[in-house]
file query_19.csv (CSV, C-alpha atoms)
chain,number,residue,atom,x,y,z
T,1,MET,CA,-137.4,-81.8,48.9
T,2,PRO,CA,-135.8,-79.5,46.4
T,3,LEU,CA,-138.3,-77.2,44.8
T,4,GLY,CA,-136.5,-75.9,41.8
T,5,THR,CA,-136.9,-72.2,40.8
T,6,LEU,CA,-139.9,-70.3,42.2
T,7,THR,CA,-141.9,-68.8,39.4
T,8,ASN,CA,-144.5,-66.1,39.1
T,9,LEU,CA,-146.8,-67.7,36.5
T,10,PHE,CA,-148.3,-65.5,33.7
T,11,ALA,CA,-146.1,-62.5,34.6
T,12,GLU,CA,-142.6,-63.0,33.3
T,13,VAL,CA,-142.8,-62.3,29.5
T,14,ASP,CA,-145.2,-60.3,27.3
T,15,LEU,CA,-147.3,-62.8,25.4
T,16,GLN,CA,-147.8,-60.7,22.3
T,17,HIS,CA,-144.1,-60.1,22.0
T,18,SER,CA,-143.5,-63.9,22.1
T,19,ILE,CA,-146.2,-64.5,19.5
T,20,ALA,CA,-144.7,-61.8,17.3
T,21,GLN,CA,-141.3,-63.4,17.5
T,22,ILE,CA,-142.8,-66.6,16.2
T,23,GLY,CA,-144.5,-64.8,13.4
T,24,GLN,CA,-141.2,-63.1,12.4
T,25,GLN,CA,-139.4,-66.5,12.3
T,26,LEU,CA,-142.2,-67.9,10.1
T,27,ILE,CA,-141.8,-65.0,7.6
T,28,HIS,CA,-138.0,-65.5,7.7
T,29,ASP,CA,-138.4,-69.2,6.9
T,30,LEU,CA,-141.0,-68.6,4.1
T,31,ASP,CA,-138.8,-65.9,2.5
T,32,ALA,CA,-135.8,-68.2,2.6
T,33,LEU,CA,-137.5,-70.7,0.3
T,34,THR,CA,-135.7,-71.1,-3.0
T,35,GLU,CA,-137.3,-70.3,-6.4
T,36,GLU,CA,-137.3,-74.1,-7.1
T,37,MET,CA,-139.4,-74.7,-4.0
T,38,VAL,CA,-141.8,-71.9,-4.5
T,39,LEU,CA,-142.5,-72.4,-8.2
T,40,GLY,CA,-142.0,-76.2,-8.4
T,41,THR,CA,-143.8,-77.3,-5.3
T,42,SER,CA,-147.5,-77.6,-4.4
T,43,GLN,CA,-148.4,-74.4,-2.5
T,44,GLU,CA,-151.0,-76.4,-0.5
T,45,ASP,CA,-148.4,-78.9,0.6
T,46,LEU,CA,-145.9,-76.2,1.5
T,47,ALA,CA,-148.6,-74.4,3.5
T,48,LYS,CA,-149.5,-77.5,5.4
T,49,HIS,CA,-145.9,-78.1,6.4
T,50,PHE,CA,-145.4,-74.5,7.7
T,51,VAL,CA,-148.9,-74.3,9.4
T,52,ALA,CA,-148.2,-77.6,11.3
T,53,LYS,CA,-144.7,-76.5,12.1
T,54,TYR,CA,-145.7,-73.1,13.6
T,55,HIS,CA,-149.1,-74.1,15.1
T,56,ILE,CA,-148.9,-73.4,18.8
T,57,GLU,CA,-150.3,-75.9,21.3
T,58,PRO,CA,-151.4,-74.1,24.4
T,59,PRO,CA,-150.6,-75.9,27.7
T,60,VAL,CA,-153.4,-78.0,29.2
T,61,PHE,CA,-153.7,-78.6,32.9
T,62,LEU,CA,-154.5,-82.2,33.8
T,63,GLU,CA,-156.8,-81.6,36.8
T,64,GLU,CA,-157.5,-85.3,37.4
T,65,GLY,CA,-153.8,-85.9,38.0
T,66,VAL,CA,-153.4,-83.5,41.0
T,67,SER,CA,-151.4,-85.0,43.9
T,68,MET,CA,-150.0,-83.6,47.1
T,69,ASN,CA,-147.1,-84.1,49.5
T,70,TYR,CA,-146.1,-82.8,52.9
T,71,GLN,CA,-143.0,-82.7,55.1
T,72,ASP,CA,-141.5,-81.0,58.1
T,73,THR,CA,-139.5,-77.9,57.2
T,74,PRO,CA,-138.1,-74.8,58.9
T,75,VAL,CA,-140.3,-71.8,58.3
T,76,ASP,CA,-139.0,-68.2,58.3
T,77,VAL,CA,-141.3,-66.0,60.6
T,78,SER,CA,-139.1,-62.9,60.6
T,79,ARG,CA,-141.8,-61.0,58.6
T,80,ASP,CA,-144.7,-62.1,60.8
T,81,PRO,CA,-145.8,-59.0,62.7
T,82,LEU,CA,-147.6,-61.1,65.4
T,83,ARG,CA,-144.4,-62.7,66.5
T,84,PHE,CA,-141.7,-61.3,68.6
T,85,VAL,CA,-138.4,-61.4,66.7
T,86,ASP,CA,-135.3,-59.5,67.9
T,87,ASP,CA,-133.7,-58.8,64.5
T,88,ARG,CA,-136.1,-58.8,61.5
T,89,SER,CA,-133.3,-58.1,59.1
T,90,GLN,CA,-132.3,-61.8,59.2
T,91,PRO,CA,-134.4,-65.0,58.8
T,92,PHE,CA,-135.7,-66.4,62.0
T,93,TYR,CA,-136.7,-70.1,61.6
T,94,ILE,CA,-139.1,-72.2,63.7
T,95,ASP,CA,-140.4,-75.7,63.0
T,96,GLY,CA,-143.2,-75.9,60.5
T,97,THR,CA,-144.9,-77.8,57.7
T,98,ARG,CA,-144.6,-77.6,53.9
T,99,ILE,CA,-147.5,-78.9,51.8
T,100,THR,CA,-147.1,-79.1,48.0
T,101,PHE,CA,-149.8,-79.7,45.4
T,102,HIS,CA,-148.5,-81.1,42.1
T,103,LEU,CA,-150.5,-80.2,39.0
T,104,PRO,CA,-149.4,-82.0,35.8
T,105,PHE,CA,-149.8,-80.3,32.4
T,106,THR,CA,-149.1,-81.0,28.8
T,107,GLY,CA,-147.5,-78.6,26.3
T,108,ASP,CA,-144.7,-76.0,26.3
T,109,ALA,CA,-144.1,-74.7,29.9
T,110,SER,CA,-142.8,-71.4,28.5
T,111,TRP,CA,-146.3,-70.3,27.7
T,112,LEU,CA,-147.2,-70.5,31.4
T,113,LEU,CA,-144.7,-67.7,32.0
T,114,CYS,CA,-146.3,-65.3,29.4
T,115,ARG,CA,-148.5,-62.4,30.4
T,116,PRO,CA,-151.7,-62.0,28.3
T,117,ALA,CA,-153.3,-58.7,27.5
T,118,ARG,CA,-155.8,-59.2,30.3
T,119,VAL,CA,-154.4,-60.8,33.4
T,120,ASN,CA,-154.8,-61.0,37.2
T,121,LEU,CA,-151.4,-60.5,38.6
T,122,ARG,CA,-152.1,-61.8,42.1
T,123,THR,CA,-149.0,-63.7,43.2
T,124,VAL,CA,-149.2,-67.5,43.7
T,125,LYS,CA,-146.2,-69.2,45.1
T,126,THR,CA,-145.3,-71.9,42.6
T,127,ALA,CA,-142.4,-73.7,40.9
T,128,LEU,CA,-142.2,-75.4,37.5
T,129,ILE,CA,-140.6,-78.8,37.8
T,130,HIS,CA,-140.5,-80.9,34.6
T,131,SER,CA,-144.2,-81.0,33.4
T,132,GLU,CA,-145.8,-80.0,36.7
T,133,VAL,CA,-146.8,-76.8,38.4
T,134,VAL,CA,-146.0,-77.1,42.1
T,135,PHE,CA,-148.0,-75.0,44.6
T,136,ILE,CA,-146.1,-74.4,47.8
T,137,TYR,CA,-147.7,-73.7,51.2
T,138,GLU,CA,-145.5,-73.3,54.3
T,139,LYS,CA,-146.7,-72.5,57.8
T,140,PRO,CA,-145.3,-72.8,61.3
T,141,GLY,CA,-146.7,-75.6,63.4
T,142,GLU,CA,-148.4,-78.7,62.1
T,143,ILE,CA,-152.0,-77.8,61.3
T,144,MET,CA,-153.2,-76.2,58.1
T,145,PRO,CA,-157.0,-76.3,58.3
T,146,ASP,CA,-157.5,-73.9,55.3
T,147,ILE,CA,-155.0,-75.5,52.9
T,148,ARG,CA,-157.5,-77.1,50.5
T,149,SER,CA,-159.5,-73.8,50.1
T,150,ALA,CA,-156.2,-71.9,49.5
T,151,PHE,CA,-155.2,-74.3,46.8
T,152,ASP,CA,-158.6,-74.2,45.1
T,153,GLU,CA,-158.5,-70.5,45.0
T,154,ASP,CA,-155.0,-70.3,43.7
T,155,PHE,CA,-155.7,-73.0,41.1
T,156,ALA,CA,-158.8,-71.2,39.9
T,157,HIS,CA,-156.7,-68.1,39.5
T,158,ILE,CA,-154.0,-69.6,37.3
T,159,LYS,CA,-156.6,-71.6,35.3
T,160,ASN,CA,-158.3,-68.4,34.4
T,161,ASN,CA,-155.0,-66.9,33.3
T,162,LEU,CA,-154.3,-69.9,31.1
T,163,VAL,CA,-157.7,-69.5,29.4
T,164,LEU,CA,-156.6,-65.9,28.5
T,165,VAL,CA,-153.3,-67.1,27.2
T,166,SER,CA,-154.9,-69.9,25.2
T,167,GLU,CA,-157.4,-67.5,23.6
T,168,GLU,CA,-154.5,-65.3,22.2
T,169,LEU,CA,-152.6,-68.3,21.0
T,170,GLU,CA,-155.7,-69.7,19.2
T,171,GLN,CA,-156.1,-66.3,17.5
T,172,PHE,CA,-152.6,-66.8,16.1
T,173,ASN,CA,-153.4,-70.3,15.0
T,174,ALA,CA,-156.6,-69.3,13.3
T,175,ALA,CA,-154.8,-66.6,11.3
T,176,LEU,CA,-151.9,-68.9,10.4
T,177,PRO,CA,-153.2,-70.8,7.3
T,178,ASN,CA,-154.2,-67.6,5.4
T,179,ALA,CA,-151.0,-65.8,6.5
T,180,VAL,CA,-148.9,-68.7,5.1
T,181,ILE,CA,-150.8,-69.0,1.8
T,182,GLU,CA,-150.8,-65.2,1.2
T,183,ARG,CA,-147.0,-65.0,1.8
T,184,LEU,CA,-146.4,-67.9,-0.5
T,185,ARG,CA,-148.6,-66.4,-3.2
T,186,ALA,CA,-146.9,-63.1,-2.9
T,187,ARG,CA,-143.5,-64.7,-3.3
T,188,ARG,CA,-144.7,-66.7,-6.3
T,189,THR,CA,-146.1,-63.6,-8.0
T,190,LYS,CA,-142.9,-61.7,-7.4
T,191,MET,CA,-140.8,-64.5,-8.8
T,192,LEU,CA,-143.0,-64.8,-11.9
T,193,ARG,CA,-142.7,-61.1,-12.5
T,194,GLU,CA,-139.0,-61.2,-12.1
T,195,ARG,CA,-138.9,-63.9,-14.7
T,196,ASP,CA,-141.1,-61.8,-17.0
T,197,VAL,CA,-143.8,-64.4,-17.0
T,198,ALA,CA,-146.5,-62.7,-15.0
T,199,THR,CA,-148.9,-62.9,-17.8
T,200,SER,CA,-149.0,-66.6,-17.4
T,201,ILE,CA,-150.9,-66.2,-14.2
T,202,GLY,CA,-154.2,-65.4,-16.1
T,203,PHE,CA,-155.3,-66.2,-19.6
T,204,PRO,CA,-158.2,-63.9,-20.5
T,205,LEU,CA,-161.1,-65.1,-22.6
T,206,ARG,CA,-162.6,-63.1,-25.4
T,207,ARG,CA,-166.1,-62.0,-24.6
T,208,THR,CA,-168.8,-60.7,-27.0
T,209,GLN,CA,-169.6,-57.9,-24.6
T,210,PRO,CA,-167.0,-55.1,-23.7
T,211,PRO,CA,-164.4,-56.2,-21.2
T,212,PRO,CA,-164.1,-54.6,-17.8
T,213,ALA,CA,-162.5,-51.2,-17.7
T,214,THR,CA,-159.8,-52.3,-15.3
T,215,PHE,CA,-157.7,-55.4,-14.8
T,216,VAL,CA,-156.3,-56.6,-11.5
T,217,THR,CA,-153.1,-58.7,-11.7
T,218,PRO,CA,-153.3,-61.7,-9.4
T,219,GLU,CA,-151.2,-61.0,-6.7
T,220,VAL,CA,-142.8,-78.0,22.9
T,221,ARG,CA,-144.8,-80.7,22.5
T,222,ARG,CA,-143.8,-83.2,19.8
T,223,ARG,CA,-146.5,-83.4,17.1
T,224,SER,CA,-146.7,-84.8,13.6
T,225,ILE,CA,-145.5,-82.2,11.1
T,226,PRO,CA,-145.9,-82.9,7.3
T,227,ALA,CA,-142.5,-83.3,5.7
T,228,MET,CA,-141.3,-80.5,3.5
T,229,PRO,CA,-142.6,-81.4,0.0
T,230,ARG,CA,-140.1,-81.9,-2.8
T,231,PRO,CA,-140.3,-79.8,-5.9
T,232,SER,CA,-141.0,-81.3,-9.3
T,233,THR,CA,-138.1,-82.8,-11.1
T,234,GLU,CA,-139.0,-81.0,-14.3
T,235,PRO,CA,-137.9,-77.3,-14.6
T,236,PHE,CA,-140.7,-74.8,-14.1
T,237,ARG,CA,-142.5,-73.9,-17.3
T,238,PRO,CA,-145.3,-71.4,-17.0
T,239,GLU,CA,-148.6,-72.5,-18.7
T,240,PRO,CA,-151.5,-70.2,-19.7
T,241,THR,CA,-154.4,-70.7,-17.3
T,242,LEU,CA,-157.8,-69.3,-16.7
T,243,ASP,CA,-157.8,-66.1,-14.8
T,244,MET,CA,-159.6,-66.5,-11.4
T,245,ASP,CA,-162.1,-63.7,-12.2
T,246,GLU,CA,-163.0,-65.3,-15.4
T,247,TYR,CA,-163.4,-68.7,-13.6
T,248,GLU,CA,-165.8,-67.1,-11.1
T,249,HIS,CA,-167.7,-65.5,-14.0
T,250,ILE,CA,-168.1,-68.9,-15.7
T,251,LEU,CA,-169.3,-70.4,-12.5
T,252,SER,CA,-171.8,-67.6,-11.9
T,253,LEU,CA,-173.2,-68.3,-15.4
T,254,LEU,CA,-173.7,-71.9,-14.6
T,255,SER,CA,-175.2,-71.1,-11.2
T,256,ASN,CA,-177.7,-68.8,-12.9
T,257,MET,CA,-179.3,-71.8,-14.4
T,258,VAL,CA,-181.1,-72.3,-11.1
T,259,GLY,CA,-183.2,-69.3,-11.9
T,260,VAL,CA,-183.9,-70.5,-15.4
T,261,MET,CA,-185.1,-73.9,-14.0
T,262,GLU,CA,-187.4,-72.1,-11.5
T,263,ARG,CA,-188.9,-69.9,-14.1
T,264,SER,CA,-189.5,-72.7,-16.6
T,265,PRO,CA,-189.7,-76.0,-14.6
T,266,GLY,CA,-191.7,-77.7,-17.3
T,267,ALA,CA,-188.8,-77.5,-19.8
T,268,PHE,CA,-186.5,-79.5,-17.4
T,269,THR,CA,-188.9,-82.2,-16.3
T,270,ASN,CA,-187.6,-85.7,-17.1
T,271,ILE,CA,-184.8,-84.5,-19.3
T,272,GLY,CA,-181.4,-86.3,-19.1
T,273,GLU,CA,-177.8,-85.4,-18.6
T,274,GLU,CA,-177.1,-84.6,-22.2
T,275,SER,CA,-180.1,-82.3,-22.6
T,276,LEU,CA,-179.3,-80.5,-19.3
T,277,ARG,CA,-175.7,-80.1,-20.5
T,278,SER,CA,-176.9,-78.4,-23.7
T,279,HIS,CA,-178.7,-75.8,-21.6
T,280,PHE,CA,-175.5,-75.0,-19.7
T,281,LEU,CA,-173.5,-74.9,-23.0
T,282,MET,CA,-176.0,-72.5,-24.5
T,283,GLN,CA,-175.4,-70.1,-21.6
T,284,LEU,CA,-171.6,-70.3,-22.0
T,285,ASN,CA,-171.6,-69.9,-25.8
T,286,GLY,CA,-173.8,-66.9,-25.5
T,287,LEU,CA,-170.9,-65.2,-23.8
T,288,TYR,CA,-167.8,-66.9,-25.1
T,289,GLU,CA,-168.5,-67.0,-28.9
T,290,LEU,CA,-169.1,-70.7,-29.3
T,291,GLN,CA,-165.9,-71.7,-27.6
T,292,ALA,CA,-167.7,-74.0,-25.2
T,293,THR,CA,-168.3,-77.6,-26.4
T,294,GLY,CA,-169.7,-80.8,-25.0
T,295,GLU,CA,-168.3,-84.4,-25.0
T,296,THR,CA,-164.9,-83.1,-26.2
T,297,PHE,CA,-161.9,-85.4,-26.1
T,298,ASN,CA,-159.4,-84.1,-23.7
T,299,TYR,CA,-156.3,-85.8,-22.3
T,300,GLU,CA,-157.5,-89.3,-21.4
T,301,GLY,CA,-161.2,-89.1,-22.1
T,302,LYS,CA,-164.2,-87.0,-23.0
T,303,THR,CA,-165.3,-84.0,-21.0
T,304,ASP,CA,-168.9,-82.9,-20.6
T,305,ILE,CA,-168.2,-79.2,-20.8
T,306,PHE,CA,-165.0,-77.9,-22.3
T,307,VAL,CA,-163.9,-74.3,-23.0
T,308,ARG,CA,-160.9,-73.5,-25.2
T,309,THR,CA,-159.5,-70.2,-26.4
T,310,ALA,CA,-156.5,-69.6,-28.7
T,311,GLY,CA,-156.0,-73.3,-28.9
T,312,LYS,CA,-155.6,-73.7,-25.1
T,313,ASN,CA,-157.7,-75.6,-22.7
T,314,VAL,CA,-159.0,-73.3,-19.9
T,315,PHE,CA,-162.0,-74.9,-18.3
T,316,VAL,CA,-163.5,-78.4,-18.0
T,317,ALA,CA,-166.6,-79.6,-16.2
T,318,GLU,CA,-168.5,-82.8,-15.6
T,319,CYS,CA,-172.3,-83.1,-15.3
T,320,LYS,CA,-173.8,-85.9,-13.3
T,321,PHE,CA,-177.1,-86.8,-11.7
T,322,TRP,CA,-176.5,-87.6,-8.0
T,323,SER,CA,-176.2,-91.4,-7.5
T,324,GLY,CA,-174.6,-91.4,-4.1
T,325,PRO,CA,-171.1,-90.8,-2.6
T,326,ALA,CA,-169.6,-93.6,-4.7
T,327,GLY,CA,-170.8,-91.9,-7.8
T,328,LEU,CA,-169.2,-88.6,-6.8
T,329,SER,CA,-165.9,-90.3,-6.0
T,330,ALA,CA,-166.0,-91.9,-9.5
T,331,THR,CA,-166.7,-88.5,-11.1
T,332,LEU,CA,-163.7,-87.0,-9.3
T,333,ASP,CA,-161.5,-89.8,-10.6
T,334,GLN,CA,-163.0,-89.2,-14.1
T,335,LEU,CA,-162.4,-85.4,-14.0
T,336,LEU,CA,-158.8,-85.8,-12.7
T,337,ARG,CA,-158.1,-88.3,-15.6
T,338,TYR,CA,-159.5,-85.9,-18.1
T,339,ALA,CA,-157.8,-82.7,-16.8
T,340,SER,CA,-154.4,-82.0,-18.4
T,341,TRP,CA,-151.8,-79.9,-16.6
T,342,ARG,CA,-153.3,-76.7,-18.1
T,343,ASP,CA,-156.8,-77.5,-16.9
T,344,ASN,CA,-156.3,-76.3,-13.4
T,345,LYS,CA,-159.7,-74.8,-12.9
T,346,THR,CA,-162.6,-77.3,-13.2
T,347,ALA,CA,-166.1,-78.0,-12.0
T,348,ILE,CA,-168.6,-80.8,-11.3
T,349,LEU,CA,-172.3,-80.1,-11.8
T,350,ILE,CA,-174.4,-82.4,-9.7
T,351,PHE,CA,-178.1,-82.6,-10.6
T,352,ASN,CA,-180.5,-83.7,-7.9
T,353,ARG,CA,-184.0,-85.0,-8.9
T,354,GLY,CA,-186.3,-86.3,-6.2
T,355,ARG,CA,-183.7,-86.8,-3.4
T,356,ASN,CA,-183.2,-85.0,-0.1
T,357,THR,CA,-181.0,-82.0,-0.9
T,358,SER,CA,-179.6,-81.7,2.6
T,359,THR,CA,-178.4,-85.3,2.5
T,360,ILE,CA,-176.5,-84.6,-0.7
T,361,LEU,CA,-175.0,-81.3,0.7
T,362,ASN,CA,-173.8,-83.2,3.8
T,363,SER,CA,-172.3,-86.0,1.7
T,364,VAL,CA,-170.3,-83.9,-0.6
T,365,PRO,CA,-167.6,-82.7,1.8
T,366,VAL,CA,-167.2,-86.1,3.5
T,367,THR,CA,-166.7,-87.8,0.1
T,368,VAL,CA,-164.3,-85.3,-1.3
T,369,ARG,CA,-162.1,-85.2,1.8
T,370,ASN,CA,-161.7,-89.0,1.6
T,371,HIS,CA,-160.3,-88.8,-2.0
T,372,ALA,CA,-156.7,-89.8,-2.5
T,373,TYR,CA,-155.8,-86.5,-4.3
T,374,TYR,CA,-157.7,-84.1,-2.0
T,375,LYS,CA,-155.5,-81.3,-0.5
T,376,ALA,CA,-157.7,-78.6,1.1
T,377,ASP,CA,-161.0,-76.8,1.3
T,378,ARG,CA,-161.7,-73.3,-0.1
T,379,GLU,CA,-164.5,-71.1,1.1
T,380,THR,CA,-167.5,-70.3,-1.1
T,381,ASP,CA,-170.5,-67.9,-0.6
T,382,SER,CA,-173.3,-70.4,-1.3
T,383,GLU,CA,-174.5,-73.4,0.7
T,384,THR,CA,-174.9,-75.4,-2.6
T,385,THR,CA,-171.4,-74.6,-3.9
T,386,PHE,CA,-168.2,-76.3,-2.7
T,387,ARG,CA,-164.6,-75.7,-3.7
T,388,TYR,CA,-161.5,-77.8,-3.1
T,389,ILE,CA,-157.9,-78.1,-4.1
T,390,PHE,CA,-156.7,-81.4,-5.6
T,391,GLY,CA,-153.3,-82.6,-6.6
T,392,HIS,CA,-152.9,-83.8,-10.2
T,393,PRO,CA,-152.5,-87.6,-10.4
T,394,ASP,CA,-149.4,-87.3,-12.6
T,395,ASP,CA,-147.7,-84.7,-10.3
T,396,PRO,CA,-149.0,-83.7,-6.9
T,397,ASN,CA,-147.2,-80.4,-7.1
T,398,ARG,CA,-149.6,-79.4,-9.9
T,399,GLU,CA,-152.8,-78.3,-8.2
T,400,ILE,CA,-156.4,-78.4,-9.6
T,401,ILE,CA,-159.3,-76.3,-8.3
T,402,ILE,CA,-162.5,-78.3,-8.4
T,403,THR,CA,-165.8,-76.4,-7.7
T,404,ILE,CA,-168.9,-78.6,-7.1
T,405,LEU,CA,-172.3,-77.0,-7.8
T,406,VAL,CA,-175.5,-78.8,-6.7
T,407,PHE,CA,-178.7,-78.1,-8.7
T,408,ASP,CA,-182.3,-79.3,-7.9
T,409,VAL,CA,-183.8,-80.4,-11.2
T,410,PRO,CA,-187.6,-80.5,-11.5
T,411,ALA,CA,-189.0,-84.0,-11.3
call {"tool": "encode", "arguments": {"input": "query_19.csv", "output": "structure tokens"}}
result
Amino acid sequence: MPLGTLTNLFAEVDLQHSIAQIGQQLIHDLDALTEEMVLGTSQEDLAKHFVAKYHIEPPVFLEEGVSMNYQDTPVDVSRDPLRFVDDRSQPFYIDGTRITFHLPFTGDASWLLCRPARVNLRTVKTALIHSEVVFIYEKPGEIMPDIRSAFDEDFAHIKNNLVLVSEELEQFNAALPNAVIERLRARRTKMLRERDVATSIGFPLRRTQPPPATFVTPEVRRRSIPAMPRPSTEPFRPEPTLDMDEYEHILSLLSNMVGVMERSPGAFTNIGEESLRSHFLMQLNGLYELQATGETFNYEGKTDIFVRTAGKNVFVAECKFWSGPAGLSATLDQLLRYASWRDNKTAILIFNRGRNTSTILNSVPVTVRNHAYYKADRETDSETTFRYIFGHPDDPNREIIITILVFDVPA
């Protein structure tokens, strides 16, 4: 039986060098994107394409599929010190037996040749044939009483090395989404600066208190890979949008209402959505000079909380008592209908009165991720705050940030 090429697994190529080469190819592909793609295409959709394309699938051994074979074969005993051989400079063959164990695996075989940072380099006589690792044992004579224990020991050895390789590959995979997003953001910022429209990245709001002293300018196994998204057919036109720091500041003001409710629970007992909204508007207008309004007509409907500055829409929010997942889904639809292209930073305020808060907090992510225009999660620093990226119903390449804040309202 032909054995193919004998291979020393996990010893041929440096693993980190191989991973670095993939990272360099990723950077090359991202930097080769045209201005039309970077500015006219959803960054989330672009990122999903490249993350899927460069995600590394570690090989997996299929232990339940192990099989074995044996056959007569001539065995070279010229290196056996216990045998008398006239000339050890040449092979000296006697009749013997070859037993092979066939271990199937899935994934790219090239990773089985890579040497991880921590590795046991004990040699195991193997060959890679198609999608199998073949363990080879040859002995003179016909009996191999210790063959099973030898295989078990060798298999345990290479399985441990595969675990080490997989750990390093998964570290690359874990860092991949942020690396892609940051590279795309950096390219977008550079292109905007080159077109002299960097100021469109943030639209500052006028506060009644002094502004901050400093300003920071935003800066080979087949698998399903999302298709490269197509850019918008309309030429890119920069729109004034709310600066991210200002967006976070507005959300912090809204979140501070939790403390107000805790200090004066009687003032919030049995009040409805409209009265609750008024309390939140009062907080915003105290800082933004009466630029926050309620039930304001915008795009295709009326928005509960609406902030404008210099005639431009910069923030919209909806206020709803929790009525279940269907109610949240309907509110998402409503907010997306109301949001114009400029309103790319939005919020939903969910009021909970008399229901189990944990149930609501568990329901929010499931409901949001099932929405037709959902794109991705974003991290927050509060267990009652959720943030997501959505595509605009009129153009999926225009992305909307939706932050959902859950409030317990006194009964």
call {"tool": "residues_around", "arguments": {"input": "query_19.csv", "residues": "Glu182 in chain T", "least_positions_apart": "6", "cutoff": "12 Å", "atoms": "only C-alpha atoms", "output": "JSON, numbers by chain"}}
result
{"T": [27, 30, 43, 44, 47, 175, 176, 188, 189, 218, 219]}
call {"tool": "atom_distance", "arguments": {"input": "query_19.csv", "atom1": "CA of Ala150 in chain T", "atom2": "CA of Leu15 in chain T"}}
result
27.3 Å
call {"tool": "atom_distance", "arguments": {"input": "query_19.csv", "atom1": "CA of Ser78 in chain T", "atom2": "CA of Ile94 in chain T"}}
result
9.8 Å
call {"tool": "residues_around", "arguments": {"input": "query_19.csv", "residues": "range 328-332 of chain T", "least_positions_apart": "6", "cutoff": "8 Å", "atoms": "all atoms listed in the file", "output": "PyMOL selection string"}}
result
chain T and resi 318+320+322+348+364+367-368+371
call {"tool": "closest_residue", "arguments": {"input": "query_19.csv", "among": "T:Asn352, T:Thr106, T:Ser252, T:Thr97", "to": "Asp381 in chain T", "atoms": "all atoms listed in the file"}}
result
T:Ser252
call {"tool": "atom_distance", "arguments": {"input": "query_19.csv", "atom1": "CA of Gln90 in chain T", "atom2": "CA of Lys125 in chain T"}}
result
21.1 Å
call {"tool": "residues_around", "arguments": {"input": "query_19.csv", "residues": "Ile400 in chain T", "least_positions_apart": "5", "cutoff": "8 Å", "atoms": "all atoms listed in the file", "output": "list in words"}}
result
Asp343, Asn344, Lys345, Thr346, Ile389, Phe390, Gly391 and His392 of chain T
call {"tool": "closest_residue", "arguments": {"input": "query_19.csv", "among": "T:Phe315, T:Thr100, T:Asp45, T:Val134", "to": "Tyr373 in chain T", "atoms": "only C-alpha atoms"}}
result
T:Asp45
call {"tool": "closest_residue", "arguments": {"input": "query_19.csv", "among": "T:Ile225, T:Ala326, T:Leu184, T:Val406", "to": "Asn370 in chain T", "atoms": "all atoms listed in the file"}}
result
T:Ala326
call {"tool": "residues_around", "arguments": {"input": "query_19.csv", "residues": "Ser110 in chain T", "least_positions_apart": "3", "cutoff": "10 Å", "atoms": "all atoms listed in the file", "output": "VMD selection string"}}
result
chain T and resid 9 to 10 12 to 13 18 58 to 59 107 113 to 114 128 220
call {"tool": "write_last_selection", "arguments": {"input": "query_19.csv", "atoms": "C-alpha atoms", "output": "PDB file, in the coordinates of the input"}}
result
ATOM      1  CA  LEU T   9    -146.800 -67.700  36.500  1.00  0.00           C
ATOM      2  CA  PHE T  10    -148.300 -65.500  33.700  1.00  0.00           C
ATOM      3  CA  GLU T  12    -142.600 -63.000  33.300  1.00  0.00           C
ATOM      4  CA  VAL T  13    -142.800 -62.300  29.500  1.00  0.00           C
ATOM      5  CA  SER T  18    -143.500 -63.900  22.100  1.00  0.00           C
ATOM      6  CA  PRO T  58    -151.400 -74.100  24.400  1.00  0.00           C
ATOM      7  CA  PRO T  59    -150.600 -75.900  27.700  1.00  0.00           C
ATOM      8  CA  GLY T 107    -147.500 -78.600  26.300  1.00  0.00           C
ATOM      9  CA  LEU T 113    -144.700 -67.700  32.000  1.00  0.00           C
ATOM     10  CA  CYS T 114    -146.300 -65.300  29.400  1.00  0.00           C
ATOM     11  CA  LEU T 128    -142.200 -75.400  37.500  1.00  0.00           C
ATOM     12  CA  VAL T 220    -142.800 -78.000  22.900  1.00  0.00           C
TER      13      VAL T 220
END
call {"tool": "closest_residue", "arguments": {"input": "query_19.csv", "among": "T:Asp146, T:Glu36, T:Glu63, T:Asp154", "to": "Thr126 in chain T", "atoms": "only C-alpha atoms"}}
result
T:Asp154
call {"tool": "residues_around", "arguments": {"input": "query_19.csv", "residues": "Pro226 in chain T", "least_positions_apart": "6", "cutoff": "10 Å", "atoms": "all atoms listed in the file", "output": "MDAnalysis selection string"}}
result
chainID T and resid 45:53
call {"tool": "closest_residue", "arguments": {"input": "query_19.csv", "among": "T:Val75, T:Pro231, T:Asn160, T:Asn256", "to": "Pro116 in chain T", "atoms": "all atoms listed in the file"}}
result
T:Asn160
